[in-house]
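Structure, as structure tokens:
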Amino acid sequence: MSTINLVTAITKKSGEAVKFRPYKIALVLESLDLEGDVCETIMALVMSKAAQPNVTTQIIYQTILTQLETLSPQAAEAFQTKHMSDEQAWLQAIDPENKLKSLINQDDKTMHENANKDSHVFNTFRDLTAGMIGKSKGLTMMPESVAKAHLRGDIHWHDLDYTPLGPMTNCCLVDFDYMFKSGYTMGNAQVETPKSIGTATAQMAQIIANVASSQYGGTSINRADELLAPYAEMNYQKHVNDAKIYVQADKRQVYAENATKKDIYDAMQALEYEINTLASAQGQTPFTTLGFGLGTNWLEREIQKAIFKIRIKGIGPNHRTAIFPKLVFSLKRGVNMTADDANYDIKKLAIECASKRMYPDVLNYEKIVALTGSFKAPMGCRSFLQGWQNEQGVEVNEGRMNLGVVTLNVPRIALQSQGNKARFWEILDERLALAKQALKFKLARTKEAIPENAPILYKNGAFGKMLQDDEDVDTLFRNGRATLSLGYIGLYEVGTYFFGPNWESNEEAHDFTVEIVRRLHTACQAWEAEDGYHYSVYSTPAESLTDRFCELDKARFGAIADITDKDYYTNSFHYDVRKHPNPFEKLLFEEAYPKYASGGFIHYCEYPNLRQNPAALEAVWDFAYDHVGYLGTNTPIDKCFKCGFEGDFKPTARGFCCPECGNHDPKTCDVVKRTCGYLGNPQARPMIHGRHVEIASRVKNMSQSEVDQTHVK
Ligand SMILES: [Zn+2]
């Protein structure tokens, strides 16, 4: 059926005027299985109506209904039922009573939406209860077209439990340096500049708990080794002075250095334990990311080494793998890449740590600068700020933040296009208009905050300034200082729909999927040109969205092989997890996308046991350095404390079990899997169905014999 694209406005029931999109009518009619030329007849009539002035959605609806009643009464009934069930779904969604019921009845989906939340815990339950109210109330606050598109699953408004009900921000790079140097107020205490690394990391943990409670996304520490070294220097000076009194002259230097190293180790260990024992106001461990690795003086090196040694050792009597903070290690040529670099020993330690604990993920310095315009750790698991200078022309990363994410269901657009690429692009345009409306509303809502809503962020320095009560929070957001994220998911499924399930080596298919991300990027640039706020494309982690979008599309389009029948959509631009390209092929395939998705991306490869030959991992890291910006390691590190098994636990219908003795009790095993950007403990906190299936479907990118035979050049 041809859909002539007339630029006509149509008024919705809410009074909002939107562009008239003939393909939408076509989609509705096609879904009714009409016979012969009924579709064409109705379409022609609708088009003539739409060409008249003052046309409303009501008029179009009536036109279709009246025609159907004459031409196909059965279809008329289906059409009406669909319309009514959509209205019903809307009324249910905005009624908090329904949501609360699902929580109180311990509805499986509600309970496992977030892998980091244990809903049996009182304060988490309270957070979820508040979130239910936030969700239903929030839907009625945003533009109705956005709210309905979210409910339909055309787009996903992230963090609906917190925003727009609260004008909250998402994630940030905390400006610790500014807070430490200028002193700050927190709660009832006036806090002064720390005088030792131990005090600095203790303050850091307090700040993290406070920041994490005032926003809903991840809290990141940028360049931690360089940030903390001046405080370790204070420890050193103190030990030098003490040594003059208590230590023999020829042993003073060694004494002061060793005592400082011990202080550094203790401070970093305390930080790791504190972060893992903290609970934010959201009733969860704060999503914390620790970036480090570029410092080359002896104190910075000691801090880096301590972070790795502590992580390798593990937490508690069973030496479990710490899930937080996420460690992100910076690789840089001339610093730590090759044997003649000063910090090459620390790269070796990083490799050992990744082979035993999966973290650190690595940031490749030059690539991060090339892709995002400056070097910094991601906010949360993968959200990148873009290079930015203040009015004085100084590059600033710390104290900046993200204001929220809206994600497009791209596979649905492919399914609705019915294989017609022109229609695919037209629907994408329409969804982009919706996403724009959603993001601009998120922005407007966030700007309604006042400094006293979140003192730690706005008044006490975490966002890099100490605003007065009457100052506007927007001074911290506008002119590109903050970012907003346009997310996407499922490029694999889109490629599959148009080119078949094995399209990865098909150049035309690859170009087509890159073109999708490029168009999102172009849209973001246009939005920024309009209002001066920075929008960027974000390869959404989709921890539970992978399940939600796929489930909604399966209900609507049926089980389609390699698309909806898997029960999950593939993360962002990632290679189909069920296939086994080697790591080099995988990275080369994925390399093109972050160029346009610089607001957020991560690559990861699946390896078998790397502990016998960590050189295999180094070979991949070295190759990746010139190709991708941000790379994670997935390797089997599960442990059974009952029988002593170490390796990959076996996926079961709901979780994972020891392949040797069948143990699946989280108290006596440590199962660690990469959920998306973050690691998770799926045995202690079961994942949503689709994510579990995705994790269970992952195939290794190297065989054990390939690992064993790989050597660094
Ligand atoms: Zn076992």
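The chains in the structure tokens are called A, B, ... from first to last as shown; in each chain the residues are counted from 1, and the ligands are counted from 1 in the order shown.
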Could you list, with a cut-off of 12 Å and counting only C-alpha atoms and all ligand atoms, the residues of chain A near ligand 1, each shown with its nearest atom pair and the distance in Å rounded to one decimal, rows sorted by chain and ascending number, as JSON lines?
```
{"residue": "A:Asp638", "atom": "CA", "partner": "ligand 1", "partner_atom_place_in_ligand_line": "1 (Zn)", "distance": 10.1}
{"residue": "A:Lys639", "atom": "CA", "partner": "ligand 1", "partner_atom_place_in_ligand_line": "1 (Zn)", "distance": 7.8}
{"residue": "A:Cys640", "atom": "CA", "partner": "ligand 1", "partner_atom_place_in_ligand_line": "1 (Zn)", "distance": 4.6}
{"residue": "A:Phe641", "atom": "CA", "partner": "ligand 1", "partner_atom_place_in_ligand_line": "1 (Zn)", "distance": 6.7}
{"residue": "A:Lys642", "atom": "CA", "partner": "ligand 1", "partner_atom_place_in_ligand_line": "1 (Zn)", "distance": 5.2}
{"residue": "A:Cys643", "atom": "CA", "partner": "ligand 1", "partner_atom_place_in_ligand_line": "1 (Zn)", "distance": 4.2}
{"residue": "A:Gly644", "atom": "CA", "partner": "ligand 1", "partner_atom_place_in_ligand_line": "1 (Zn)", "distance": 6.1}
{"residue": "A:Phe645", "atom": "CA", "partner": "ligand 1", "partner_atom_place_in_ligand_line": "1 (Zn)", "distance": 5.3}
{"residue": "A:Glu646", "atom": "CA", "partner": "ligand 1", "partner_atom_place_in_ligand_line": "1 (Zn)", "distance": 8.5}
{"residue": "A:Gly647", "atom": "CA", "partner": "ligand 1", "partner_atom_place_in_ligand_line": "1 (Zn)", "distance": 10.3}
{"residue": "A:Asp648", "atom": "CA", "partner": "ligand 1", "partner_atom_place_in_ligand_line": "1 (Zn)", "distance": 11.0}
{"residue": "A:Phe649", "atom": "CA", "partner": "ligand 1", "partner_atom_place_in_ligand_line": "1 (Zn)", "distance": 8.9}
{"residue": "A:Lys650", "atom": "CA", "partner": "ligand 1", "partner_atom_place_in_ligand_line": "1 (Zn)", "distance": 10.7}
{"residue": "A:Phe656", "atom": "CA", "partner": "ligand 1", "partner_atom_place_in_ligand_line": "1 (Zn)", "distance": 11.3}
{"residue": "A:Cys657", "atom": "CA", "partner": "ligand 1", "partner_atom_place_in_ligand_line": "1 (Zn)", "distance": 7.9}
{"residue": "A:Cys658", "atom": "CA", "partner": "ligand 1", "partner_atom_place_in_ligand_line": "1 (Zn)", "distance": 4.6}
{"residue": "A:Pro659", "atom": "CA", "partner": "ligand 1", "partner_atom_place_in_ligand_line": "1 (Zn)", "distance": 6.7}
{"residue": "A:Glu660", "atom": "CA", "partner": "ligand 1", "partner_atom_place_in_ligand_line": "1 (Zn)", "distance": 5.0}
{"residue": "A:Cys661", "atom": "CA", "partner": "ligand 1", "partner_atom_place_in_ligand_line": "1 (Zn)", "distance": 4.1}
{"residue": "A:Gly662", "atom": "CA", "partner": "ligand 1", "partner_atom_place_in_ligand_line": "1 (Zn)", "distance": 6.0}
{"residue": "A:Asn663", "atom": "CA", "partner": "ligand 1", "partner_atom_place_in_ligand_line": "1 (Zn)", "distance": 5.3}
{"residue": "A:His664", "atom": "CA", "partner": "ligand 1", "partner_atom_place_in_ligand_line": "1 (Zn)", "distance": 8.3}
{"residue": "A:Asp665", "atom": "CA", "partner": "ligand 1", "partner_atom_place_in_ligand_line": "1 (Zn)", "distance": 10.0}
{"residue": "A:Pro666", "atom": "CA", "partner": "ligand 1", "partner_atom_place_in_ligand_line": "1 (Zn)", "distance": 11.6}
{"residue": "A:Thr668", "atom": "CA", "partner": "ligand 1", "partner_atom_place_in_ligand_line": "1 (Zn)", "distance": 8.8}
{"residue": "A:Cys669", "atom": "CA", "partner": "ligand 1", "partner_atom_place_in_ligand_line": "1 (Zn)", "distance": 7.8}
{"residue": "A:Asp670", "atom": "CA", "partner": "ligand 1", "partner_atom_place_in_ligand_line": "1 (Zn)", "distance": 10.5}
{"residue": "A:Val671", "atom": "CA", "partner": "ligand 1", "partner_atom_place_in_ligand_line": "1 (Zn)", "distance": 11.4}
```
Pull C-alpha atoms from the residues just selected and write them as a PDB file, in the first residue's frame.
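Everything below was put into part20.pdb:
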```
ATOM      1  CA  ASP A 638      32.360 -18.553  39.735  1.00  0.00           C
ATOM      2  CA  LYS A 639      33.267 -20.450  42.912  1.00  0.00           C
ATOM      3  CA  CYS A 640      31.562 -23.220  44.847  1.00  0.00           C
ATOM      4  CA  PHE A 641      32.507 -23.194  48.520  1.00  0.00           C
ATOM      5  CA  LYS A 642      30.911 -26.622  48.997  1.00  0.00           C
ATOM      6  CA  CYS A 643      32.979 -28.700  46.580  1.00  0.00           C
ATOM      7  CA  GLY A 644      35.732 -26.259  45.628  1.00  0.00           C
ATOM      8  CA  PHE A 645      34.767 -25.934  41.937  1.00  0.00           C
ATOM      9  CA  GLU A 646      36.046 -22.821  40.126  1.00  0.00           C
ATOM     10  CA  GLY A 647      34.848 -21.813  36.680  1.00  0.00           C
ATOM     11  CA  ASP A 648      31.526 -21.366  34.869  1.00  0.00           C
ATOM     12  CA  PHE A 649      28.412 -22.223  36.850  1.00  0.00           C
ATOM     13  CA  LYS A 650      25.756 -23.891  34.688  1.00  0.00           C
ATOM     14  CA  PHE A 656      22.972 -20.847  37.956  1.00  0.00           C
ATOM     15  CA  CYS A 657      24.267 -23.976  39.690  1.00  0.00           C
ATOM     16  CA  CYS A 658      27.607 -25.660  40.344  1.00  0.00           C
ATOM     17  CA  PRO A 659      28.295 -28.139  37.501  1.00  0.00           C
ATOM     18  CA  GLU A 660      30.094 -30.471  39.929  1.00  0.00           C
ATOM     19  CA  CYS A 661      27.750 -30.711  42.905  1.00  0.00           C
ATOM     20  CA  GLY A 662      24.624 -28.826  41.826  1.00  0.00           C
ATOM     21  CA  ASN A 663      24.953 -26.254  44.620  1.00  0.00           C
ATOM     22  CA  HIS A 664      22.975 -23.077  43.973  1.00  0.00           C
ATOM     23  CA  ASP A 665      22.771 -21.586  47.448  1.00  0.00           C
ATOM     24  CA  PRO A 666      24.117 -18.007  47.292  1.00  0.00           C
ATOM     25  CA  THR A 668      27.867 -21.151  49.727  1.00  0.00           C
ATOM     26  CA  CYS A 669      28.781 -20.037  46.232  1.00  0.00           C
ATOM     27  CA  ASP A 670      29.961 -16.901  44.468  1.00  0.00           C
ATOM     28  CA  VAL A 671      28.465 -16.472  41.003  1.00  0.00           C
TER      29      VAL A 671
END
```
Sel. of strand (DSSP E or B) residues, segment 323-504 of chain A, as a short mmCIF file (atom, residue, chain, number, x, y, z; two decimals) with N, CA and C atoms, in the first residue's frame:
```cif
data_model
loop_
_atom_site.label_atom_id
_atom_site.label_comp_id
_atom_site.auth_asym_id
_atom_site.auth_seq_id
_atom_site.Cartn_x
_atom_site.Cartn_y
_atom_site.Cartn_z
N LYS A 326 32.94 -0.55 40.45
CA LYS A 326 33.43 -0.99 39.16
C LYS A 326 34.80 -0.37 38.96
N LEU A 327 35.81 -1.17 38.58
CA LEU A 327 37.15 -0.63 38.34
C LEU A 327 37.34 -0.37 36.85
N VAL A 328 37.80 0.82 36.52
CA VAL A 328 38.06 1.18 35.13
C VAL A 328 39.49 1.70 35.05
N PHE A 329 40.35 0.90 34.40
CA PHE A 329 41.78 1.19 34.35
C PHE A 329 42.13 1.83 33.01
N SER A 330 42.92 2.90 33.08
CA SER A 330 43.29 3.61 31.84
C SER A 330 44.58 3.05 31.27
N LEU A 331 44.52 2.70 30.00
CA LEU A 331 45.75 2.32 29.29
C LEU A 331 46.19 3.50 28.45
N ASP A 361 37.69 -3.07 33.72
CA ASP A 361 37.50 -2.82 32.31
C ASP A 361 38.54 -1.77 31.94
N VAL A 362 38.93 -1.74 30.68
CA VAL A 362 39.98 -0.78 30.33
C VAL A 362 39.47 0.33 29.41
N LEU A 363 40.04 1.52 29.64
CA LEU A 363 39.78 2.68 28.81
C LEU A 363 41.05 2.95 28.01
N ASN A 364 40.93 3.01 26.71
CA ASN A 364 42.09 3.27 25.86
C ASN A 364 42.19 4.77 25.59
N MET A 379 30.53 7.82 33.46
CA MET A 379 29.61 7.99 34.58
C MET A 379 28.81 6.70 34.64
N SER A 383 28.26 5.73 30.49
CA SER A 383 27.83 7.03 29.99
C SER A 383 29.02 7.99 29.95
N GLN A 389 34.79 22.83 27.69
CA GLN A 389 35.62 23.83 28.37
C GLN A 389 34.73 24.88 29.02
N GLU A 395 39.51 22.84 30.30
CA GLU A 395 38.74 21.61 30.14
C GLU A 395 38.24 21.14 31.50
N MET A 401 27.45 16.13 34.75
CA MET A 401 26.44 15.10 34.99
C MET A 401 25.59 14.80 33.76
N ASN A 402 24.80 13.75 33.87
CA ASN A 402 23.83 13.41 32.83
C ASN A 402 22.43 13.63 33.39
N LEU A 403 21.53 14.11 32.53
CA LEU A 403 20.19 14.48 33.01
C LEU A 403 19.12 13.45 32.64
N GLY A 404 19.51 12.36 32.02
CA GLY A 404 18.52 11.32 31.78
C GLY A 404 18.59 10.68 30.41
N VAL A 405 17.89 9.55 30.30
CA VAL A 405 17.94 8.71 29.09
C VAL A 405 16.53 8.37 28.61
N VAL A 406 16.38 8.39 27.29
CA VAL A 406 15.18 7.84 26.65
C VAL A 406 15.66 6.91 25.54
N THR A 407 15.16 5.69 25.50
CA THR A 407 15.67 4.70 24.54
C THR A 407 14.63 4.34 23.49
N LEU A 408 15.10 4.22 22.25
CA LEU A 408 14.24 3.83 21.13
C LEU A 408 14.22 2.31 20.99
N ASN A 409 13.04 1.76 20.75
CA ASN A 409 12.91 0.35 20.43
C ASN A 409 13.12 0.20 18.92
N THR A 483 24.84 16.44 30.00
CA THR A 483 24.46 15.68 28.80
C THR A 483 23.07 15.07 28.98
N LEU A 484 22.40 14.85 27.85
CA LEU A 484 21.15 14.09 27.82
C LEU A 484 21.37 12.95 26.83
N SER A 485 20.76 11.80 27.10
CA SER A 485 21.10 10.63 26.30
C SER A 485 19.93 10.07 25.51
N LEU A 486 20.18 9.91 24.21
CA LEU A 486 19.24 9.23 23.33
C LEU A 486 19.72 7.79 23.18
N GLY A 487 19.03 6.85 23.82
CA GLY A 487 19.46 5.46 23.80
C GLY A 487 18.85 4.67 22.65
N TYR A 488 19.46 3.52 22.37
CA TYR A 488 18.92 2.61 21.35
C TYR A 488 19.30 1.19 21.75
N ILE A 489 18.61 0.23 21.16
CA ILE A 489 18.86 -1.18 21.47
C ILE A 489 18.61 -2.01 20.23
#
```
**OP:** Show which residues sit within 9 Å of Pro164 of chain A, as a ChimeraX atom specification. Count only C-alpha atoms, and ignore same-chain residues fewer than 3 positions away.
**Re:** /A:134-135,137-139,141-142,159-161,167-168,441-442,445-446
Mind dumping the selected residues with N, CA and C atoms as a CSV table (one decimal), in the first residue's frame?
```csv
chain,number,residue,atom,x,y,z
A,134,GLY,N,5.7,6.9,42.0
A,134,GLY,CA,6.4,7.7,41.1
A,134,GLY,C,6.1,7.4,39.6
A,135,LYS,N,5.9,6.1,39.4
A,135,LYS,CA,5.7,5.6,38.0
A,135,LYS,C,4.3,6.1,37.5
A,137,LYS,N,2.3,8.4,38.8
A,137,LYS,CA,2.1,9.8,38.8
A,137,LYS,C,2.9,10.5,37.7
A,138,GLY,N,4.1,9.9,37.5
A,138,GLY,CA,5.1,10.5,36.5
A,138,GLY,C,4.5,10.4,35.1
A,139,LEU,N,3.7,9.3,34.8
A,139,LEU,CA,3.1,9.2,33.5
A,139,LEU,C,2.2,10.3,33.2
A,141,MET,N,2.4,13.3,34.3
A,141,MET,CA,3.1,14.6,34.3
A,141,MET,C,3.7,14.9,32.9
A,142,MET,N,4.1,13.9,32.3
A,142,MET,CA,4.8,14.1,31.0
A,142,MET,C,3.8,14.2,29.9
A,159,ASP,N,14.0,5.2,34.3
A,159,ASP,CA,13.9,5.7,35.7
A,159,ASP,C,12.6,6.4,36.0
A,160,LEU,N,11.5,5.9,35.5
A,160,LEU,CA,10.2,6.5,35.7
A,160,LEU,C,9.9,6.5,37.2
A,161,ASP,N,10.5,5.6,38.0
A,161,ASP,CA,10.2,5.5,39.4
A,161,ASP,C,10.7,6.8,40.2
A,167,PRO,N,12.4,16.1,40.3
A,167,PRO,CA,13.3,16.7,39.2
A,167,PRO,C,14.8,16.3,39.4
A,168,MET,N,15.0,15.0,39.3
A,168,MET,CA,16.3,14.5,39.7
A,168,MET,C,17.3,14.3,38.5
A,441,PHE,N,11.4,17.3,27.7
A,441,PHE,CA,10.6,17.4,28.9
A,441,PHE,C,11.5,17.0,30.1
A,442,LYS,N,12.3,16.0,30.0
A,442,LYS,CA,13.2,15.6,31.1
A,442,LYS,C,14.0,16.8,31.5
A,445,ARG,N,12.1,19.5,33.3
A,445,ARG,CA,11.7,19.1,34.6
A,445,ARG,C,12.9,19.1,35.6
A,446,THR,N,14.1,18.7,35.1
A,446,THR,CA,15.3,18.7,35.9
A,446,THR,C,15.7,20.1,36.3
```
Original post:
Of the residues A:Asn170, A:Thr289, A:Asn420, A:Thr675, which is the one nearest to His692 of chain A, using only C-alpha atoms?
Top reply: A:Thr675
Subject >> Near-Gln612 of chain A list (10 Å; only C-alpha atoms; drop same-chain fewer than 2 positions) as a count of residues only >> reply: 8
**OP:** Skip Ser280 of chain A itself and residues of its chain fewer than 2 positions away, then list as a PyMOL selection string all residues within 7 Å of it, counting only C-alpha atoms.
**Re:** chain A and resi 209+212-213+278+282-286
